[in-house]
$ cat upload_33.cif   # mmCIF, C-alpha atoms
data_entry
loop_
_atom_site.group_PDB
_atom_site.id
_atom_site.type_symbol
_atom_site.label_atom_id
_atom_site.label_comp_id
_atom_site.auth_asym_id
_atom_site.auth_seq_id
_atom_site.Cartn_x
_atom_site.Cartn_y
_atom_site.Cartn_z
ATOM 1 C CA MET V 277 -12.848 -58.568 -20.934
ATOM 2 C CA THR V 278 -9.397 -60.144 -20.837
ATOM 3 C CA LEU V 279 -6.980 -61.509 -23.421
ATOM 4 C CA SER V 280 -6.841 -65.310 -23.233
ATOM 5 C CA SER V 281 -3.322 -66.751 -22.938
ATOM 6 C CA ASP V 282 -0.819 -67.887 -20.356
ATOM 7 C CA LYS V 283 0.760 -64.527 -21.127
ATOM 8 C CA PRO V 284 -2.270 -62.261 -21.592
ATOM 9 C CA GLY V 285 -0.325 -59.449 -23.252
ATOM 10 C CA ALA V 286 1.873 -61.586 -25.504
ATOM 11 C CA ALA V 287 0.160 -60.614 -28.744
ATOM 12 C CA LEU V 288 0.187 -56.938 -27.785
ATOM 13 C CA ALA V 289 3.891 -57.018 -26.891
ATOM 14 C CA GLU V 290 4.710 -58.609 -30.232
ATOM 15 C CA GLN V 291 2.620 -56.065 -32.113
ATOM 16 C CA LEU V 292 4.128 -53.044 -30.372
ATOM 17 C CA LEU V 293 7.683 -54.290 -30.768
ATOM 18 C CA LYS V 294 7.266 -55.191 -34.427
ATOM 19 C CA GLN V 295 5.833 -51.767 -35.265
ATOM 20 C CA SER V 296 8.614 -49.989 -33.367
ATOM 21 C CA GLU V 297 11.278 -52.015 -35.166
ATOM 22 C CA GLN V 298 9.746 -50.955 -38.481
ATOM 23 C CA ASP V 299 9.740 -47.319 -37.352
ATOM 24 C CA ALA V 300 13.390 -47.681 -36.327
ATOM 25 C CA ALA V 301 14.609 -48.959 -39.700
ATOM 26 C CA ILE V 302 15.527 -45.419 -40.756
ATOM 27 C CA THR V 303 15.785 -42.527 -38.304
ATOM 28 C CA PRO V 304 17.349 -39.045 -38.373
ATOM 29 C CA MET V 305 20.351 -40.511 -36.539
ATOM 30 C CA ASP V 306 21.320 -42.274 -39.765
ATOM 31 C CA ALA V 307 22.286 -38.879 -41.200
ATOM 32 C CA VAL V 308 24.636 -38.300 -38.261
ATOM 33 C CA LEU V 309 26.219 -41.717 -38.723
ATOM 34 C CA ASP V 310 26.572 -41.154 -42.482
ATOM 35 C CA ALA V 311 28.438 -37.901 -41.863
ATOM 36 C CA ALA V 312 30.800 -39.587 -39.400
ATOM 37 C CA ARG V 313 31.529 -42.496 -41.747
ATOM 38 C CA ALA V 314 32.186 -40.100 -44.606
ATOM 39 C CA GLY V 315 34.804 -38.233 -42.572
ATOM 40 C CA ARG V 316 32.661 -35.100 -42.346
ATOM 41 C CA PHE V 317 32.199 -35.170 -38.582
ATOM 42 C CA THR V 318 34.069 -32.516 -36.617
ATOM 43 C CA ASP V 319 34.943 -32.375 -32.926
ATOM 44 C CA ASP V 320 32.330 -29.656 -32.529
ATOM 45 C CA GLN V 321 29.658 -31.889 -34.057
ATOM 46 C CA CYS V 322 30.728 -34.725 -31.769
ATOM 47 C CA PHE V 323 30.378 -32.361 -28.809
ATOM 48 C CA ARG V 324 26.921 -31.373 -30.010
ATOM 49 C CA LEU V 325 25.878 -35.007 -30.292
ATOM 50 C CA LEU V 326 27.049 -36.042 -26.846
ATOM 51 C CA ALA V 327 25.636 -32.882 -25.272
ATOM 52 C CA ARG V 328 22.163 -33.424 -26.709
ATOM 53 C CA LEU V 329 22.123 -37.092 -25.722
ATOM 54 C CA TRP V 330 23.317 -36.144 -22.229
ATOM 55 C CA THR V 331 20.591 -33.516 -21.933
ATOM 56 C CA LEU V 332 17.949 -36.143 -22.565
ATOM 57 C CA LYS V 333 19.492 -38.732 -20.249
ATOM 58 C CA ARG V 334 19.802 -36.358 -17.322
ATOM 59 C CA THR V 335 16.228 -35.081 -17.663
ATOM 60 C CA MET V 336 14.994 -38.672 -17.444
ATOM 61 C CA TYR V 337 15.497 -38.321 -13.680
ATOM 62 C CA TYR V 338 12.531 -35.947 -13.777
ATOM 63 C CA VAL V 339 10.469 -38.523 -15.643
ATOM 64 C CA TYR V 340 11.378 -41.539 -13.554
ATOM 65 C CA GLY V 341 10.963 -39.590 -10.328
ATOM 66 C CA GLY V 342 7.336 -38.975 -11.239
ATOM 67 C CA TRP V 343 6.789 -42.564 -12.303
ATOM 68 C CA ALA V 344 8.254 -43.951 -9.083
ATOM 69 C CA GLN V 345 5.556 -42.199 -7.070
ATOM 70 C CA GLY V 346 2.911 -44.159 -8.933
ATOM 71 C CA ILE V 347 4.138 -47.727 -8.543
ATOM 72 C CA ASN V 348 1.666 -49.578 -6.370
ATOM 73 C CA LEU V 349 3.305 -52.717 -5.028
ATOM 74 C CA ASN V 350 -0.131 -54.110 -4.218
ATOM 75 C CA ASP V 351 -0.907 -54.217 -7.931
ATOM 76 C CA TYR V 352 2.446 -55.556 -9.172
ATOM 77 C CA PRO V 353 4.944 -58.067 -7.766
ATOM 78 C CA PRO V 354 8.309 -56.850 -6.396
ATOM 79 C CA SER V 355 9.994 -57.782 -9.690
ATOM 80 C CA VAL V 356 8.318 -54.803 -11.380
ATOM 81 C CA ALA V 357 9.815 -52.333 -8.926
ATOM 82 C CA TYR V 358 13.186 -54.093 -9.196
ATOM 83 C CA LEU V 359 13.244 -53.880 -12.991
ATOM 84 C CA PHE V 360 12.223 -50.250 -12.848
ATOM 85 C CA GLY V 361 15.006 -49.539 -10.373
ATOM 86 C CA LYS V 362 17.493 -51.255 -12.689
ATOM 87 C CA GLN V 363 16.336 -49.120 -15.601
ATOM 88 C CA ILE V 364 16.843 -45.940 -13.578
ATOM 89 C CA HIS V 365 20.335 -47.142 -12.626
ATOM 90 C CA ASP V 366 21.166 -47.922 -16.260
ATOM 91 C CA GLU V 367 20.030 -44.508 -17.457
ATOM 92 C CA SER V 368 22.093 -42.884 -14.704
ATOM 93 C CA THR V 369 25.158 -44.854 -15.758
ATOM 94 C CA GLN V 370 24.733 -43.832 -19.392
ATOM 95 C CA GLU V 371 24.221 -40.202 -18.403
ATOM 96 C CA MET V 372 27.498 -40.244 -16.489
ATOM 97 C CA GLN V 373 29.320 -41.930 -19.372
ATOM 98 C CA LEU V 374 28.274 -39.154 -21.742
ATOM 99 C CA CYS V 375 29.278 -36.461 -19.278
ATOM 100 C CA ASP V 376 32.623 -38.111 -18.535
ATOM 101 C CA GLU V 377 33.470 -38.370 -22.230
ATOM 102 C CA MET V 378 32.827 -34.668 -22.790
ATOM 103 C CA LEU V 379 34.965 -33.776 -19.779
ATOM 104 C CA ARG V 380 37.694 -36.181 -20.895
ATOM 105 C CA ARG V 381 37.831 -34.427 -24.258
ATOM 106 C CA ARG V 382 38.116 -31.112 -22.396
ATOM 107 C CA TRP V 383 35.095 -29.596 -24.072
ATOM 108 C CA SER V 384 34.197 -28.243 -20.644
ATOM 109 C CA PRO V 385 36.494 -27.895 -17.630
ATOM 110 C CA THR V 386 33.855 -28.948 -15.081
ATOM 111 C CA GLN V 387 30.461 -30.602 -14.962
ATOM 112 C CA LYS V 388 28.977 -27.422 -13.508
ATOM 113 C CA GLN V 389 30.114 -25.429 -16.535
ATOM 114 C CA LEU V 390 28.876 -28.181 -18.837
ATOM 115 C CA PHE V 391 25.367 -27.735 -17.452
ATOM 116 C CA ALA V 392 25.533 -24.070 -18.453
ATOM 117 C CA HIS V 393 26.951 -24.680 -21.931
ATOM 118 C CA PRO V 394 24.530 -23.750 -24.760
ATOM 119 C CA TYR V 395 24.868 -27.218 -26.305
ATOM 120 C CA ALA V 396 23.633 -28.903 -23.133
ATOM 121 C CA ARG V 397 20.916 -26.578 -21.939
ATOM 122 C CA PHE V 398 17.422 -27.968 -21.561
ATOM 123 C CA GLY V 399 14.763 -25.845 -23.222
ATOM 124 C CA THR V 400 11.069 -26.284 -22.601
ATOM 125 C CA ALA V 401 10.063 -24.928 -26.029
ATOM 126 C CA THR V 402 12.019 -27.625 -27.861
ATOM 127 C CA ARG V 403 11.418 -31.102 -29.210
ATOM 128 C CA THR V 404 13.484 -32.403 -26.294
ATOM 129 C CA GLY V 405 11.191 -30.615 -23.882
ATOM 130 C CA SER V 406 8.097 -31.890 -25.666
ATOM 131 C CA TYR V 407 9.315 -35.476 -25.463
ATOM 132 C CA ILE V 408 10.207 -35.216 -21.775
ATOM 133 C CA PHE V 409 6.835 -33.714 -20.918
ATOM 134 C CA CYS V 410 5.136 -36.456 -22.952
ATOM 135 C CA LEU V 411 6.901 -39.081 -20.848
ATOM 136 C CA ARG V 412 6.233 -37.200 -17.633
ATOM 137 C CA ALA V 413 2.516 -37.222 -18.431
ATOM 138 C CA LEU V 414 2.604 -41.028 -18.433
ATOM 139 C CA ALA V 415 2.816 -40.790 -14.632
ATOM 140 C CA ASN V 416 -0.981 -40.456 -14.815
ATOM 141 C CA TYR V 417 -1.243 -44.067 -16.029
ATOM 142 C CA PRO V 418 -0.496 -47.430 -14.367
ATOM 143 C CA GLN V 419 3.040 -48.773 -14.606
ATOM 144 C CA ASN V 420 2.110 -51.517 -17.073
ATOM 145 C CA ILE V 421 0.780 -48.991 -19.588
ATOM 146 C CA ARG V 422 3.630 -46.494 -19.334
ATOM 147 C CA ILE V 423 6.229 -49.263 -19.628
ATOM 148 C CA ALA V 424 4.428 -50.477 -22.752
ATOM 149 C CA ALA V 425 4.450 -46.951 -24.173
ATOM 150 C CA HIS V 426 8.123 -46.297 -23.400
ATOM 151 C CA ASN V 427 10.063 -49.559 -23.441
ATOM 152 C CA LEU V 428 8.365 -51.036 -26.491
ATOM 153 C CA GLY V 429 8.266 -47.673 -28.275
ATOM 154 C CA PRO V 430 11.108 -45.129 -28.003
ATOM 155 C CA LYS V 431 13.402 -47.607 -26.263
ATOM 156 C CA ALA V 432 13.132 -50.015 -29.196
ATOM 157 C CA ILE V 433 14.015 -47.165 -31.559
ATOM 158 C CA GLU V 434 16.897 -46.099 -29.313
ATOM 159 C CA LEU V 435 18.214 -49.662 -29.364
ATOM 160 C CA ALA V 436 18.148 -49.754 -33.169
ATOM 161 C CA TRP V 437 20.191 -46.603 -33.775
ATOM 162 C CA THR V 438 22.521 -47.383 -30.854
ATOM 163 C CA GLU V 439 23.273 -50.751 -32.460
ATOM 164 C CA LYS V 440 24.207 -48.977 -35.692
ATOM 165 C CA PHE V 441 26.454 -46.510 -33.874
ATOM 166 C CA ALA V 442 28.088 -49.318 -31.866
ATOM 167 C CA LYS V 443 28.840 -51.237 -35.040
ATOM 168 C CA LEU V 444 29.697 -48.512 -37.549
ATOM 169 C CA PHE V 445 30.807 -45.312 -35.811
ATOM 170 C CA PRO V 446 34.390 -44.713 -37.004
ATOM 171 C CA ASP V 447 35.706 -42.930 -33.909
ATOM 172 C CA GLU V 448 37.035 -45.730 -31.701
ATOM 173 C CA THR V 449 36.126 -44.066 -28.407
ATOM 174 C CA MET V 450 32.612 -43.232 -29.565
ATOM 175 C CA HIS V 451 32.219 -46.741 -30.927
ATOM 176 C CA ALA V 452 33.152 -48.129 -27.505
ATOM 177 C CA LEU V 453 30.826 -45.708 -25.722
ATOM 178 C CA PHE V 454 27.753 -46.764 -27.686
ATOM 179 C CA HIS V 455 28.737 -50.424 -27.585
ATOM 180 C CA SER V 456 28.889 -50.253 -23.781
ATOM 181 C CA GLN V 457 25.274 -49.051 -23.694
ATOM 182 C CA LEU V 458 23.870 -51.795 -25.899
ATOM 183 C CA ALA V 459 23.268 -54.477 -23.279
ATOM 184 C CA GLU V 460 21.478 -52.076 -20.940
ATOM 185 C CA THR V 461 19.260 -50.624 -23.657
ATOM 186 C CA ARG V 462 18.433 -54.081 -24.972
ATOM 187 C CA SER V 463 17.478 -55.167 -21.457
ATOM 188 C CA HIS V 464 15.025 -52.270 -21.233
ATOM 189 C CA VAL V 465 13.212 -53.516 -24.329
ATOM 190 C CA LEU V 466 13.137 -57.024 -22.892
ATOM 191 C CA MET V 467 11.819 -55.638 -19.593
ATOM 192 C CA GLY V 468 9.071 -53.929 -21.526
ATOM 193 C CA ARG V 469 8.151 -57.089 -23.365
ATOM 194 C CA PHE V 470 8.040 -59.125 -20.147
ATOM 195 C CA GLN V 471 5.873 -56.611 -18.314
ATOM 196 C CA VAL V 472 3.453 -56.122 -21.187
ATOM 197 C CA GLU V 473 3.084 -59.877 -21.651
ATOM 198 C CA GLN V 474 2.370 -60.397 -17.967
ATOM 199 C CA PHE V 475 0.471 -57.317 -16.872
ATOM 200 C CA ILE V 476 -1.557 -55.928 -19.768
ATOM 201 C CA ILE V 477 -4.699 -57.864 -18.989
ATOM 202 C CA LYS V 478 -7.682 -55.748 -19.999
ATOM 203 C CA GLU V 479 -8.607 -54.859 -23.567
ATOM 204 C CA VAL V 480 -9.040 -51.228 -22.600
ATOM 205 C CA ASP V 481 -5.459 -51.160 -21.277
ATOM 206 C CA ALA V 482 -4.190 -52.774 -24.473
ATOM 207 C CA GLU V 483 -5.853 -50.120 -26.630
ATOM 208 C CA LEU V 484 -4.559 -47.364 -24.384
ATOM 209 C CA ALA V 485 -1.036 -48.802 -24.554
ATOM 210 C CA LYS V 486 -1.167 -48.802 -28.372
ATOM 211 C CA ARG V 487 -2.211 -45.155 -28.514
ATOM 212 C CA LEU V 488 0.310 -43.958 -25.960
ATOM 213 C CA CYS V 489 3.110 -45.967 -27.544
ATOM 214 C CA ALA V 490 2.417 -44.309 -30.900
ATOM 215 C CA GLU V 491 2.396 -40.862 -29.294
ATOM 216 C CA THR V 492 5.659 -41.342 -27.399
ATOM 217 C CA LYS V 493 7.380 -42.699 -30.518
ATOM 218 C CA ARG V 494 6.232 -39.685 -32.492
ATOM 219 C CA ASP V 495 7.697 -37.285 -29.943
ATOM 220 C CA TYR V 496 10.905 -39.311 -29.677
ATOM 221 C CA LEU V 497 11.386 -39.243 -33.443
ATOM 222 C CA PHE V 498 10.844 -35.473 -33.335
ATOM 223 C CA TYR V 499 13.551 -35.316 -30.650
ATOM 224 C CA LEU V 500 15.914 -37.289 -32.906
ATOM 225 C CA GLU V 501 15.066 -34.941 -35.773
ATOM 226 C CA GLU V 502 15.916 -31.905 -33.686
ATOM 227 C CA THR V 503 19.105 -33.535 -32.416
ATOM 228 C CA ALA V 504 20.351 -34.572 -35.848
ATOM 229 C CA ARG V 505 19.764 -31.124 -37.308
ATOM 230 C CA PHE V 506 21.516 -29.488 -34.370
ATOM 231 C CA VAL V 507 24.499 -31.825 -34.632
ATOM 232 C CA LEU V 508 24.867 -31.365 -38.380
ATOM 233 C CA GLY V 509 24.309 -27.608 -38.312
ATOM 234 C CA MET V 510 21.161 -27.791 -40.400
ATOM 235 C CA ALA V 511 18.322 -25.310 -40.305
ATOM 236 C CA GLU V 512 15.320 -26.099 -38.160
ATOM 237 C CA GLU V 513 12.774 -28.208 -39.950
ATOM 238 C CA LYS V 514 9.993 -26.580 -41.876
ATOM 239 C CA ALA V 515 6.327 -27.318 -41.289
ATOM 240 C CA GLY V 516 5.537 -30.843 -42.410
ATOM 241 C CA GLU V 517 9.106 -32.114 -42.298
ATOM 242 C CA VAL V 518 9.847 -35.054 -40.038
ATOM 243 C CA THR V 519 12.915 -36.927 -41.247
ATOM 244 C CA VAL V 520 16.413 -35.628 -41.902
ATOM 245 C CA GLN V 521 17.497 -36.313 -45.448
ATOM 246 C CA ALA V 522 20.484 -38.637 -45.836
ATOM 247 C CA ASP V 523 22.137 -36.310 -48.342
ATOM 248 C CA ILE V 524 23.523 -33.542 -46.169
ATOM 249 C CA ASP V 525 25.920 -31.953 -48.661
#
$ encode --input "upload_33.cif" --output "structure tokens"
Amino acid sequence: MTLSSDKPGAALAEQLLKQSEQDAAITPMDAVLDAARAGRFTDDQCFRLLARLWTLKRTMYYVYGGWAQGINLNDYPPSVAYLFGKQIHDESTQEMQLCDEMLRRRWSPTQKQLFAHPYARFGTATRTGSYIFCLRALANYPQNIRIAAHNLGPKAIELAWTEKFAKLFPDETMHALFHSQLAETRSHVLMGRFQVEQFIIKEVDAELAKRLCAETKRDYLFYLEETARFVLGMAEEKAGEVTVQADID
């Protein structure tokens, strides 16, 4: 059974994006931004923020490497591989921007030492690790489904908080850093919408995309929770907690 339309996945793309935008209205990153705007954001907290974001960006190589092995050009036109290649390039650029900013601020003398710094270490038994392994598991699914789960899920949430940081972050250099990443992140969401509209054909794939999108968003929000608490020096969340409270005094 197929979805009838010139763009068979148009309704699904709209549904996934709308739900993700609702989920992105308030995230744990708002607490980080509130602290910065209130003048309660130290250099150490800024280091923590960039280090955790860099940790995620650099481990995306592991995710995309697995996904690249599963793109079948007989099933998708060359544009799909091109867009995927552009997304990998964008993520690599953002990863380097984060690293360069930390080195520029002399928080680490070399990139090699930055990898070993406690703030930037990747841990498997963490929310970051859980999210990365969740994405890596999407390699078991066709490209249209994993792009639906990622680009119209976590990427839409990433775009929302990045837009806030680009507009409101008081540190001029940080403001410029996040602003420079807006166009690329927005393009990833648009890539996701295009590919879902064109290549989610079967009802079973649509239902699978909905479930996997919800799961990846859940793990991404947990990653943001862990990151915000780490940046702000808050205790690890207790059982049942999901969202950082805006009042961090």
$ closest_residue --input "upload_33.cif" --among "V:Arg334, V:Lys440, V:Lys478, V:Arg382" --to "Ile302 (chain V)" --atoms "all atoms listed in the file"
V:Lys440
$ resolve_selection --input "upload_33.cif" --expression "the PyMOL selection byres ((chain V and resi 342-344) around 10)" --output "list in words"
Met336, Tyr337, Tyr338, Val339, Tyr340, Gly341, Gln345, Gly346, Ile347, Asn348, Ala357, Phe360, Gly361, Ile364, Leu411, Arg412, Ala413, Leu414, Ala415, Asn416, Tyr417, Pro418, Gln419, Arg422 and Ile423 of chain V
$ resolve_selection --input "upload_33.cif" --expression "the PyMOL selection byres ((chain V and resi 363) around 10)" --output "PyMOL selection string"
chain V and resi 340+357-362+364-369+460-461+463-464+467
$ closest_residue --input "upload_33.cif" --among "V:Val465, V:Leu374, V:Thr318, V:Ala424" --to "Glu297 (chain V)" --atoms "all atoms listed in the file"
V:Val465
$ closest_residue --input "upload_33.cif" --among "V:Thr449, V:Thr503, V:Asn427, V:Thr402" --to "Leu292 (chain V)" --atoms "only C-alpha atoms"
V:Asn427
$ residues_around --input "upload_33.cif" --residues "region 304-309 of chain V" --least-positions-apart "5" --cutoff "12 Å" --atoms "only C-alpha atoms" --output "VMD selection string"
chain V and resid 299 314 to 318 321 to 322 324 to 326 329 433 to 447 450 to 451 496 to 510 513 517 to 525
$ residues_around --input "upload_33.cif" --residues "region 377-381 of chain V" --least-positions-apart "6" --cutoff "8 Å" --atoms "only C-alpha atoms" --output "ChimeraX atom specification"
/V:323,326-327,387
$ closest_residue --input "upload_33.cif" --among "V:Cys489, V:Ile408, V:Ala401, V:Ala289" --to "Gly468 (chain V)" --atoms "only C-alpha atoms"
V:Ala289
$ residues_around --input "upload_33.cif" --residues "Glu491 (chain V)" --least-positions-apart "6" --cutoff "10 Å" --atoms "all atoms listed in the file" --output "VMD selection string"
chain V and resid 407 410 to 411 425 to 426 429 to 430 485
$ write_last_selection --input "upload_33.cif" --atoms "C-alpha atoms" --output "CSV table (one decimal), in the frame of the given file"
chain,number,residue,atom,x,y,z
V,407,TYR,CA,9.3,-35.5,-25.5
V,410,CYS,CA,5.1,-36.5,-23.0
V,411,LEU,CA,6.9,-39.1,-20.8
V,425,ALA,CA,4.4,-47.0,-24.2
V,426,HIS,CA,8.1,-46.3,-23.4
V,429,GLY,CA,8.3,-47.7,-28.3
V,430,PRO,CA,11.1,-45.1,-28.0
V,485,ALA,CA,-1.0,-48.8,-24.6
$ closest_residue --input "upload_33.cif" --among "V:Arg397, V:Lys486, V:Lys333, V:Lys493" --to "Val472 (chain V)" --atoms "all atoms listed in the file"
V:Lys486
$ closest_residue --input "upload_33.cif" --among "V:Ala459, V:Ala311, V:Ala482, V:Ala452" --to "Gln373 (chain V)" --atoms "all atoms listed in the file"
V:Ala452
$ atom_distance --input "upload_33.cif" --atom1 "CA of Ala300 (chain V)" --atom2 "CA of Ala432 (chain V)"
7.5 Å
$ build_atoms --input "upload_33.cif" --residues "region 454-476 of chain V" --atoms "N, CA, C and O atoms" --output "PDB file, in the coordinates of the input"
ATOM      1  N   PHE V 454      29.081 -46.273 -27.311  1.00  0.00           N
ATOM      2  CA  PHE V 454      27.753 -46.764 -27.686  1.00  0.00           C
ATOM      3  C   PHE V 454      27.658 -48.275 -27.519  1.00  0.00           C
ATOM      4  O   PHE V 454      26.601 -48.795 -27.137  1.00  0.00           O
ATOM      5  N   HIS V 455      28.758 -48.975 -27.765  1.00  0.00           N
ATOM      6  CA  HIS V 455      28.737 -50.424 -27.585  1.00  0.00           C
ATOM      7  C   HIS V 455      28.495 -50.777 -26.123  1.00  0.00           C
ATOM      8  O   HIS V 455      27.790 -51.746 -25.814  1.00  0.00           O
ATOM      9  N   SER V 456      29.051 -49.982 -25.215  1.00  0.00           N
ATOM     10  CA  SER V 456      28.889 -50.253 -23.781  1.00  0.00           C
ATOM     11  C   SER V 456      27.453 -50.070 -23.317  1.00  0.00           C
ATOM     12  O   SER V 456      27.065 -50.603 -22.271  1.00  0.00           O
ATOM     13  N   GLN V 457      26.661 -49.326 -24.084  1.00  0.00           N
ATOM     14  CA  GLN V 457      25.274 -49.051 -23.694  1.00  0.00           C
ATOM     15  C   GLN V 457      24.275 -50.024 -24.318  1.00  0.00           C
ATOM     16  O   GLN V 457      23.089 -49.987 -23.996  1.00  0.00           O
ATOM     17  N   LEU V 458      24.778 -50.898 -25.180  1.00  0.00           N
ATOM     18  CA  LEU V 458      23.870 -51.795 -25.899  1.00  0.00           C
ATOM     19  C   LEU V 458      23.136 -52.760 -24.974  1.00  0.00           C
ATOM     20  O   LEU V 458      21.913 -52.908 -25.067  1.00  0.00           O
ATOM     21  N   ALA V 459      23.885 -53.444 -24.120  1.00  0.00           N
ATOM     22  CA  ALA V 459      23.268 -54.477 -23.279  1.00  0.00           C
ATOM     23  C   ALA V 459      22.186 -53.886 -22.382  1.00  0.00           C
ATOM     24  O   ALA V 459      21.113 -54.483 -22.218  1.00  0.00           O
ATOM     25  N   GLU V 460      22.456 -52.715 -21.826  1.00  0.00           N
ATOM     26  CA  GLU V 460      21.478 -52.076 -20.940  1.00  0.00           C
ATOM     27  C   GLU V 460      20.229 -51.674 -21.713  1.00  0.00           C
ATOM     28  O   GLU V 460      19.094 -51.923 -21.264  1.00  0.00           O
ATOM     29  N   THR V 461      20.411 -51.065 -22.877  1.00  0.00           N
ATOM     30  CA  THR V 461      19.260 -50.624 -23.657  1.00  0.00           C
ATOM     31  C   THR V 461      18.445 -51.817 -24.142  1.00  0.00           C
ATOM     32  O   THR V 461      17.207 -51.797 -24.120  1.00  0.00           O
ATOM     33  N   ARG V 462      19.141 -52.867 -24.536  1.00  0.00           N
ATOM     34  CA  ARG V 462      18.433 -54.081 -24.972  1.00  0.00           C
ATOM     35  C   ARG V 462      17.634 -54.670 -23.816  1.00  0.00           C
ATOM     36  O   ARG V 462      16.501 -55.149 -24.011  1.00  0.00           O
ATOM     37  N   SER V 463      18.192 -54.618 -22.611  1.00  0.00           N
ATOM     38  CA  SER V 463      17.478 -55.167 -21.457  1.00  0.00           C
ATOM     39  C   SER V 463      16.212 -54.377 -21.161  1.00  0.00           C
ATOM     40  O   SER V 463      15.222 -54.941 -20.692  1.00  0.00           O
ATOM     41  N   HIS V 464      16.221 -53.074 -21.461  1.00  0.00           N
ATOM     42  CA  HIS V 464      15.025 -52.270 -21.233  1.00  0.00           C
ATOM     43  C   HIS V 464      13.886 -52.704 -22.155  1.00  0.00           C
ATOM     44  O   HIS V 464      12.723 -52.756 -21.750  1.00  0.00           O
ATOM     45  N   VAL V 465      14.230 -53.021 -23.396  1.00  0.00           N
ATOM     46  CA  VAL V 465      13.212 -53.516 -24.329  1.00  0.00           C
ATOM     47  C   VAL V 465      12.680 -54.859 -23.851  1.00  0.00           C
ATOM     48  O   VAL V 465      11.461 -55.112 -23.880  1.00  0.00           O
ATOM     49  N   LEU V 466      13.571 -55.718 -23.393  1.00  0.00           N
ATOM     50  CA  LEU V 466      13.137 -57.024 -22.892  1.00  0.00           C
ATOM     51  C   LEU V 466      12.290 -56.882 -21.632  1.00  0.00           C
ATOM     52  O   LEU V 466      11.317 -57.617 -21.443  1.00  0.00           O
ATOM     53  N   MET V 467      12.650 -55.921 -20.768  1.00  0.00           N
ATOM     54  CA  MET V 467      11.819 -55.638 -19.593  1.00  0.00           C
ATOM     55  C   MET V 467      10.417 -55.239 -20.020  1.00  0.00           C
ATOM     56  O   MET V 467       9.412 -55.671 -19.436  1.00  0.00           O
ATOM     57  N   GLY V 468      10.365 -54.380 -21.030  1.00  0.00           N
ATOM     58  CA  GLY V 468       9.071 -53.929 -21.526  1.00  0.00           C
ATOM     59  C   GLY V 468       8.239 -55.075 -22.047  1.00  0.00           C
ATOM     60  O   GLY V 468       7.040 -55.182 -21.755  1.00  0.00           O
ATOM     61  N   ARG V 469       8.886 -55.951 -22.811  1.00  0.00           N
ATOM     62  CA  ARG V 469       8.151 -57.089 -23.365  1.00  0.00           C
ATOM     63  C   ARG V 469       7.610 -57.980 -22.249  1.00  0.00           C
ATOM     64  O   ARG V 469       6.446 -58.389 -22.281  1.00  0.00           O
ATOM     65  N   PHE V 470       8.455 -58.273 -21.265  1.00  0.00           N
ATOM     66  CA  PHE V 470       8.040 -59.125 -20.147  1.00  0.00           C
ATOM     67  C   PHE V 470       6.846 -58.522 -19.411  1.00  0.00           C
ATOM     68  O   PHE V 470       5.858 -59.211 -19.128  1.00  0.00           O
ATOM     69  N   GLN V 471       6.928 -57.230 -19.114  1.00  0.00           N
ATOM     70  CA  GLN V 471       5.873 -56.611 -18.314  1.00  0.00           C
ATOM     71  C   GLN V 471       4.573 -56.467 -19.089  1.00  0.00           C
ATOM     72  O   GLN V 471       3.485 -56.606 -18.523  1.00  0.00           O
ATOM     73  N   VAL V 472       4.673 -56.201 -20.377  1.00  0.00           N
ATOM     74  CA  VAL V 472       3.453 -56.122 -21.187  1.00  0.00           C
ATOM     75  C   VAL V 472       2.815 -57.506 -21.301  1.00  0.00           C
ATOM     76  O   VAL V 472       1.591 -57.658 -21.171  1.00  0.00           O
ATOM     77  N   GLU V 473       3.619 -58.515 -21.542  1.00  0.00           N
ATOM     78  CA  GLU V 473       3.084 -59.877 -21.651  1.00  0.00           C
ATOM     79  C   GLU V 473       2.358 -60.305 -20.377  1.00  0.00           C
ATOM     80  O   GLU V 473       1.303 -60.952 -20.436  1.00  0.00           O
ATOM     81  N   GLN V 474       2.908 -59.920 -19.236  1.00  0.00           N
ATOM     82  CA  GLN V 474       2.370 -60.397 -17.967  1.00  0.00           C
ATOM     83  C   GLN V 474       1.250 -59.525 -17.393  1.00  0.00           C
ATOM     84  O   GLN V 474       0.334 -60.039 -16.749  1.00  0.00           O
ATOM     85  N   PHE V 475       1.318 -58.228 -17.646  1.00  0.00           N
ATOM     86  CA  PHE V 475       0.471 -57.317 -16.872  1.00  0.00           C
ATOM     87  C   PHE V 475      -0.483 -56.446 -17.676  1.00  0.00           C
ATOM     88  O   PHE V 475      -1.209 -55.645 -17.100  1.00  0.00           O
ATOM     89  N   ILE V 476      -0.491 -56.582 -18.998  1.00  0.00           N
ATOM     90  CA  ILE V 476      -1.557 -55.928 -19.768  1.00  0.00           C
ATOM     91  C   ILE V 476      -2.666 -56.961 -19.921  1.00  0.00           C
ATOM     92  O   ILE V 476      -2.595 -57.859 -20.758  1.00  0.00           O
TER      93      ILE V 476
END
